[in-house]
Every structure is written in structure tokens, then in C-alpha cells.
Amino acid sequence: MSGQGPGTGSSRPSLRPRGISALAGLHLIGGCFGLLLTPVLAIKLIKGSGIPEGLNQLGLSPLFLVLGYLFLFSLATFSGLGMWRGKWWGWHLGAFYYLYSIARAAGALVHLPDVFGSIPAEALEDMNQGPEFYAIKYGGRTLVHSVIYLYFFKPTVRRFFGIRKRARWNSVLTHMSIYLIVMTLRNLL
């Protein structure tokens with residue numbers, strides 16, 4: 001254990017678990033860096049040669065893509081801040097970040113046959129990476145993010161954040177409900 005946590009009660013440790021320290025640091029650095037670079041990405045997506053047309057062919061709006069990145073980078077930044085400070089909301093945001101990442105990677109994995117099925121055979125031959133590469137990539141991400149999500153439920157991690165001993169499924173269902181709300185809002189826009 002390293003770093004100082006909130007340590008407000010006798011049942012709550014004052015030392016931050018190492019894994020939480022690492023994740024909080026990664027979230028803060030990646031989230032802040034991403035937020036700083038999002039305006040550059042927005043300009044490139046909107047004004048880049050052929051990029052808006054290519055995104056439209058895929059059914060993606062440059063504006064919604066930028067908003068999606070802003071959502072992810074903001075989520076990373078705020079979850080990192082909350083995890084670093086040992087706040088209960090930092091635990092929920094951090095755990096939700098990984099549930100969201102699991103769903104995104106698993107969704108990409110499921111849609112790979114559709115994506116590669118729509119690419120002409122001659123174009124597939126010219127690609128640097130084939131479907132196997134992406135299956136391993138998104139399968140690996142799903143696995144790694146699942147392990148990290150489970151890490152949030154370790155008793156020492158939950159204790160550090162002051163998360164009461166309630167059924168773990170309540171938290172999972174809460175995170176899944178929030179995910180469904182976010183996806184519903186995204187699809188309505």
C-alpha cells in the first residue's frame with residue numbers, strides 16, 4: 001500500500017492500495033491529456049481531408065465522436081481524482097469506467113464479422129492487420145478490463161473507499177443501469 005487515503009474511521013485504511021494508486025495516476029494523466037487534445041482532434045475530424053466523409057460512410061458523426069471522447073476523457077479525469085482522494089464516488093466512477101470499457105470492447109468484438117464482412121476481398125488483402133488482429137485486440141481488452149473491474153470489488157479496495165458491505169450485485173446492477181442510460185441517451189441523439 002502506498003499514498004495517503006482518507007482514513008476517516010477505524011474500519012477504513014489510511015493507505016491507498018497500490019493498484020488504486022496506479023489506476024488513479026493513469027486515469028488522471030490520460031484523462032487530462034485527452035481533454036487537452038480533444039480540440040485538436042475536433043478540428044482534424046471536422047476539417048481533415050476526407051475524414052468527415054469517411055466517418056459519415058461508417059454512420060458516425062464527427063460531432064458525436066468528439067462528444068464521446070470528451071465523455072471518456074472527463075470520466076477518466078474525474079474517476080482518477082476520486083480514486084486518488086479515496087472518495088466513494090471515485091470508486092463508482094472508476095468501476096463504471098471499466099464496465100463501460102468492457103462493454104465497448106465486447107461490442108467491438110461482436111461487430112467484427114459485420115465490419116470485415118462489408119470490406120471487399122481485395123481491400124482485405126491490402127490491410128496491414130486482418131480480422132484476427134482485431135479479435136485478439138478487443139478480446140484482450142475485454143479480458144483485462146474485466147480483471148480490473150473485479151479488482152474494484154476486493155475487500156481491501158472497497159474498505160479504502162468506505163464502500164459498505166452490501167451485495168456486490170447491487171453495485172454491478174447500478175453500473176449496468178447507468179451504462180444503459182448513457183447508451184440510450186447516445187442512441188437518442
# chains A, B, ... in the order shown; residues from 1 in each chain; ligands from 1

call {"tool": "select_by_dssp", "arguments": {"residues": "chain A", "states": "alpha helix (DSSP H)", "output": "number ranges by chain"}}
result
A: 18-47, 51-57, 62-85, 88-117, 121-126, 131-151, 155-161, 168-188

call {"tool": "residues_around", "arguments": {"residues": "Val172 (chain A)", "least_positions_apart": "2", "cutoff": "10 Å", "atoms": "only C-alpha atoms", "output": "short mmCIF file (atom, residue, chain, number, x, y, z; two decimals) with N, CA, C and O atoms, in the first residue's frame"}}
result
data_model
loop_
_atom_site.label_atom_id
_atom_site.label_comp_id
_atom_site.auth_asym_id
_atom_site.auth_seq_id
_atom_site.Cartn_x
_atom_site.Cartn_y
_atom_site.Cartn_z
N HIS A 92 -17.04 4.41 -7.59
CA HIS A 92 -18.11 4.15 -8.56
C HIS A 92 -17.72 4.60 -9.97
O HIS A 92 -17.96 3.88 -10.94
N ALA A 95 -14.98 2.16 -11.27
CA ALA A 95 -15.56 0.86 -11.62
C ALA A 95 -16.43 0.99 -12.87
O ALA A 95 -16.36 0.14 -13.77
N PHE A 96 -17.22 2.06 -12.94
CA PHE A 96 -18.06 2.27 -14.13
C PHE A 96 -17.21 2.43 -15.38
O PHE A 96 -17.55 1.91 -16.45
N LEU A 99 -16.44 -1.01 -16.50
CA LEU A 99 -17.61 -1.70 -17.03
C LEU A 99 -17.93 -1.16 -18.43
O LEU A 99 -18.21 -1.92 -19.36
N TYR A 149 -12.04 -4.49 -13.39
CA TYR A 149 -13.36 -4.26 -12.79
C TYR A 149 -13.53 -5.13 -11.54
O TYR A 149 -13.97 -4.65 -10.50
N PHE A 153 -13.74 -4.74 -6.56
CA PHE A 153 -14.59 -5.41 -5.59
C PHE A 153 -13.81 -6.15 -4.51
O PHE A 153 -14.41 -6.77 -3.64
N ALA A 167 -24.51 -6.26 -0.97
CA ALA A 167 -24.36 -7.22 -2.05
C ALA A 167 -23.62 -6.57 -3.23
O ALA A 167 -23.97 -5.47 -3.66
N ARG A 168 -22.60 -7.25 -3.70
CA ARG A 168 -21.81 -6.71 -4.82
C ARG A 168 -22.68 -6.55 -6.06
O ARG A 168 -22.42 -5.69 -6.90
N TRP A 169 -23.67 -7.40 -6.18
CA TRP A 169 -24.53 -7.32 -7.36
C TRP A 169 -25.28 -5.99 -7.41
O TRP A 169 -25.61 -5.52 -8.50
N ASN A 170 -25.54 -5.37 -6.27
CA ASN A 170 -26.20 -4.06 -6.28
C ASN A 170 -25.34 -3.05 -7.03
O ASN A 170 -25.85 -2.26 -7.84
N THR A 174 -26.15 -1.30 -10.56
CA THR A 174 -26.14 0.17 -10.65
C THR A 174 -25.28 0.62 -11.83
O THR A 174 -25.69 1.45 -12.63
N HIS A 175 -24.08 0.05 -11.94
CA HIS A 175 -23.18 0.42 -13.04
C HIS A 175 -23.80 0.05 -14.38
O HIS A 175 -23.71 0.82 -15.35
N MET A 176 -24.43 -1.13 -14.46
CA MET A 176 -25.06 -1.54 -15.72
C MET A 176 -26.25 -0.64 -16.06
O MET A 176 -26.45 -0.32 -17.24
N SER A 177 -26.99 -0.22 -15.06
CA SER A 177 -28.13 0.68 -15.31
C SER A 177 -27.64 2.02 -15.84
O SER A 177 -28.23 2.57 -16.78
N ILE A 178 -26.57 2.54 -15.25
CA ILE A 178 -26.01 3.80 -15.73
C ILE A 178 -25.52 3.63 -17.16
O ILE A 178 -25.73 4.51 -18.01
#

call {"tool": "residues_around", "arguments": {"residues": "Ala76 (chain A)", "least_positions_apart": "4", "cutoff": "10 Å", "atoms": "only C-alpha atoms", "output": "list in words"}}
result
Leu23, Ala24, Leu26, His27, Leu28, Ile29, Gly30, Gly31, Cys32, Gly34, Leu35, Leu70, Phe71, Leu72, Gly80, Leu81, Gly82, Leu93, Gly94, Tyr97 and Tyr98 of chain A

call {"tool": "write_last_selection", "arguments": {"atoms": "N, CA, C and O atoms", "output": "JSON list (two decimals), in the first residue's frame"}}
result
[["chain", "number", "residue", "atom", "x", "y", "z"],
["A", 23, "LEU", "N", -3.95, 3.07, -10.96],
["A", 23, "LEU", "CA", -5.10, 3.38, -11.81],
["A", 23, "LEU", "C", -5.47, 4.86, -11.74],
["A", 23, "LEU", "O", -5.76, 5.48, -12.77],
["A", 24, "ALA", "N", -5.44, 5.42, -10.54],
["A", 24, "ALA", "CA", -5.77, 6.84, -10.38],
["A", 24, "ALA", "C", -4.79, 7.70, -11.17],
["A", 24, "ALA", "O", -5.19, 8.64, -11.88],
["A", 26, "LEU", "N", -2.95, 6.81, -13.79],
["A", 26, "LEU", "CA", -3.19, 6.61, -15.23],
["A", 26, "LEU", "C", -4.44, 7.35, -15.69],
["A", 26, "LEU", "O", -4.45, 7.97, -16.76],
["A", 27, "HIS", "N", -5.49, 7.30, -14.89],
["A", 27, "HIS", "CA", -6.73, 7.99, -15.25],
["A", 27, "HIS", "C", -6.51, 9.50, -15.31],
["A", 27, "HIS", "O", -6.98, 10.16, -16.25],
["A", 28, "LEU", "N", -5.82, 10.03, -14.31],
["A", 28, "LEU", "CA", -5.58, 11.48, -14.28],
["A", 28, "LEU", "C", -4.73, 11.93, -15.46],
["A", 28, "LEU", "O", -5.06, 12.91, -16.15],
["A", 29, "ILE", "N", -3.64, 11.24, -15.70],
["A", 29, "ILE", "CA", -2.73, 11.62, -16.79],
["A", 29, "ILE", "C", -3.43, 11.46, -18.14],
["A", 29, "ILE", "O", -3.46, 12.38, -18.95],
["A", 30, "GLY", "N", -4.01, 10.29, -18.38],
["A", 30, "GLY", "CA", -4.67, 10.04, -19.65],
["A", 30, "GLY", "C", -5.87, 10.93, -19.87],
["A", 30, "GLY", "O", -6.09, 11.46, -20.97],
["A", 31, "GLY", "N", -6.68, 11.11, -18.82],
["A", 31, "GLY", "CA", -7.88, 11.94, -18.96],
["A", 31, "GLY", "C", -7.54, 13.40, -19.23],
["A", 31, "GLY", "O", -8.11, 14.02, -20.13],
["A", 32, "CYS", "N", -6.62, 13.95, -18.46],
["A", 32, "CYS", "CA", -6.24, 15.36, -18.67],
["A", 32, "CYS", "C", -5.58, 15.57, -20.03],
["A", 32, "CYS", "O", -5.88, 16.53, -20.75],
["A", 34, "GLY", "N", -6.01, 13.74, -22.69],
["A", 34, "GLY", "CA", -7.07, 13.60, -23.69],
["A", 34, "GLY", "C", -7.94, 14.83, -23.79],
["A", 34, "GLY", "O", -8.30, 15.26, -24.89],
["A", 35, "LEU", "N", -8.29, 15.41, -22.64],
["A", 35, "LEU", "CA", -9.11, 16.63, -22.66],
["A", 35, "LEU", "C", -8.37, 17.78, -23.34],
["A", 35, "LEU", "O", -8.99, 18.59, -24.04],
["A", 70, "LEU", "N", -14.89, 13.35, -25.32],
["A", 70, "LEU", "CA", -14.98, 14.24, -24.16],
["A", 70, "LEU", "C", -15.58, 13.51, -22.96],
["A", 70, "LEU", "O", -15.12, 13.68, -21.83],
["A", 71, "PHE", "N", -16.60, 12.69, -23.21],
["A", 71, "PHE", "CA", -17.21, 11.90, -22.14],
["A", 71, "PHE", "C", -16.18, 10.97, -21.51],
["A", 71, "PHE", "O", -16.03, 10.93, -20.29],
["A", 72, "LEU", "N", -15.46, 10.21, -22.35],
["A", 72, "LEU", "CA", -14.48, 9.25, -21.84],
["A", 72, "LEU", "C", -13.34, 9.93, -21.09],
["A", 72, "LEU", "O", -12.93, 9.48, -20.01],
["A", 80, "GLY", "N", -10.19, 9.36, -11.78],
["A", 80, "GLY", "CA", -8.82, 9.40, -11.24],
["A", 80, "GLY", "C", -8.72, 10.29, -10.02],
["A", 80, "GLY", "O", -8.10, 9.93, -9.02],
["A", 81, "LEU", "N", -9.36, 11.43, -10.10],
["A", 81, "LEU", "CA", -9.36, 12.36, -8.96],
["A", 81, "LEU", "C", -10.05, 11.71, -7.76],
["A", 81, "LEU", "O", -9.53, 11.75, -6.63],
["A", 82, "GLY", "N", -11.21, 11.12, -7.98],
["A", 82, "GLY", "CA", -11.94, 10.48, -6.89],
["A", 82, "GLY", "C", -11.22, 9.28, -6.32],
["A", 82, "GLY", "O", -11.22, 9.06, -5.10],
["A", 93, "LEU", "N", -17.13, 5.79, -10.09],
["A", 93, "LEU", "CA", -16.72, 6.26, -11.43],
["A", 93, "LEU", "C", -15.64, 5.37, -12.02],
["A", 93, "LEU", "O", -15.68, 5.06, -13.21],
["A", 94, "GLY", "N", -14.66, 4.97, -11.19],
["A", 94, "GLY", "CA", -13.59, 4.10, -11.68],
["A", 94, "GLY", "C", -14.13, 2.75, -12.10],
["A", 94, "GLY", "O", -13.79, 2.23, -13.17],
["A", 97, "TYR", "N", -16.09, 3.13, -15.26],
["A", 97, "TYR", "CA", -15.20, 3.31, -16.40],
["A", 97, "TYR", "C", -14.81, 1.95, -17.00],
["A", 97, "TYR", "O", -14.80, 1.77, -18.22],
["A", 98, "TYR", "N", -14.51, 0.99, -16.13],
["A", 98, "TYR", "CA", -14.10, -0.33, -16.63],
["A", 98, "TYR", "C", -15.27, -1.16, -17.11],
["A", 98, "TYR", "O", -15.13, -1.90, -18.08]]

call {"tool": "closest_residue", "arguments": {"among": "A:Ile20, A:Ile102, A:Ile43, A:Leu75", "to": "Thr142 (chain A)", "atoms": "only C-alpha atoms"}}
result
A:Ile102

call {"tool": "atom_distance", "arguments": {"atom1": "CA of Ile119 (chain A)", "atom2": "CA of Met183 (chain A)"}}
result
26.8 Å

call {"tool": "atom_distance", "arguments": {"atom1": "CA of Thr77 (chain A)", "atom2": "CA of Val144 (chain A)"}}
result
20.0 Å

call {"tool": "closest_residue", "arguments": {"among": "A:Ile163, A:Val157, A:Val66, A:Leu60", "to": "Val40 (chain A)", "atoms": "only C-alpha atoms"}}
result
A:Val66

call {"tool": "residues_around", "arguments": {"residues": "Ala42 (chain A)", "least_positions_apart": "2", "cutoff": "8 Å", "atoms": "only C-alpha atoms", "output": "JSON, numbers by chain"}}
result
{"A": [38, 39, 40, 44, 45, 46, 62, 63, 66]}

call {"tool": "write_last_selection", "arguments": {"atoms": "C-alpha atoms", "output": "short mmCIF file (atom, residue, chain, number, x, y, z; two decimals), in the first residue's frame"}}
result
data_model
loop_
_atom_site.label_atom_id
_atom_site.label_comp_id
_atom_site.auth_asym_id
_atom_site.auth_seq_id
_atom_site.Cartn_x
_atom_site.Cartn_y
_atom_site.Cartn_z
CA THR A 38 -9.73 16.86 -27.88
CA PRO A 39 -9.96 20.33 -29.53
CA VAL A 40 -7.14 19.30 -31.91
CA LYS A 44 -8.95 17.35 -37.58
CA LEU A 45 -12.22 15.40 -37.67
CA ILE A 46 -14.23 18.33 -38.96
CA PRO A 62 -17.69 13.85 -36.20
CA LEU A 63 -19.53 15.89 -33.55
CA VAL A 66 -15.78 14.28 -30.28
#

call {"tool": "closest_residue", "arguments": {"among": "A:Gly162, A:Leu180, A:Leu124, A:Leu36", "to": "Ser74 (chain A)", "atoms": "only C-alpha atoms"}}
result
A:Leu36

call {"tool": "residues_around", "arguments": {"residues": "region 103-108 of chain A", "least_positions_apart": "6", "cutoff": "8 Å", "atoms": "only C-alpha atoms", "output": "PyMOL selection string"}}
result
chain A and resi 138-139+141-142

call {"tool": "atom_distance", "arguments": {"atom1": "CA of Leu173 (chain A)", "atom2": "CA of Ala22 (chain A)"}}
result
25.9 Å
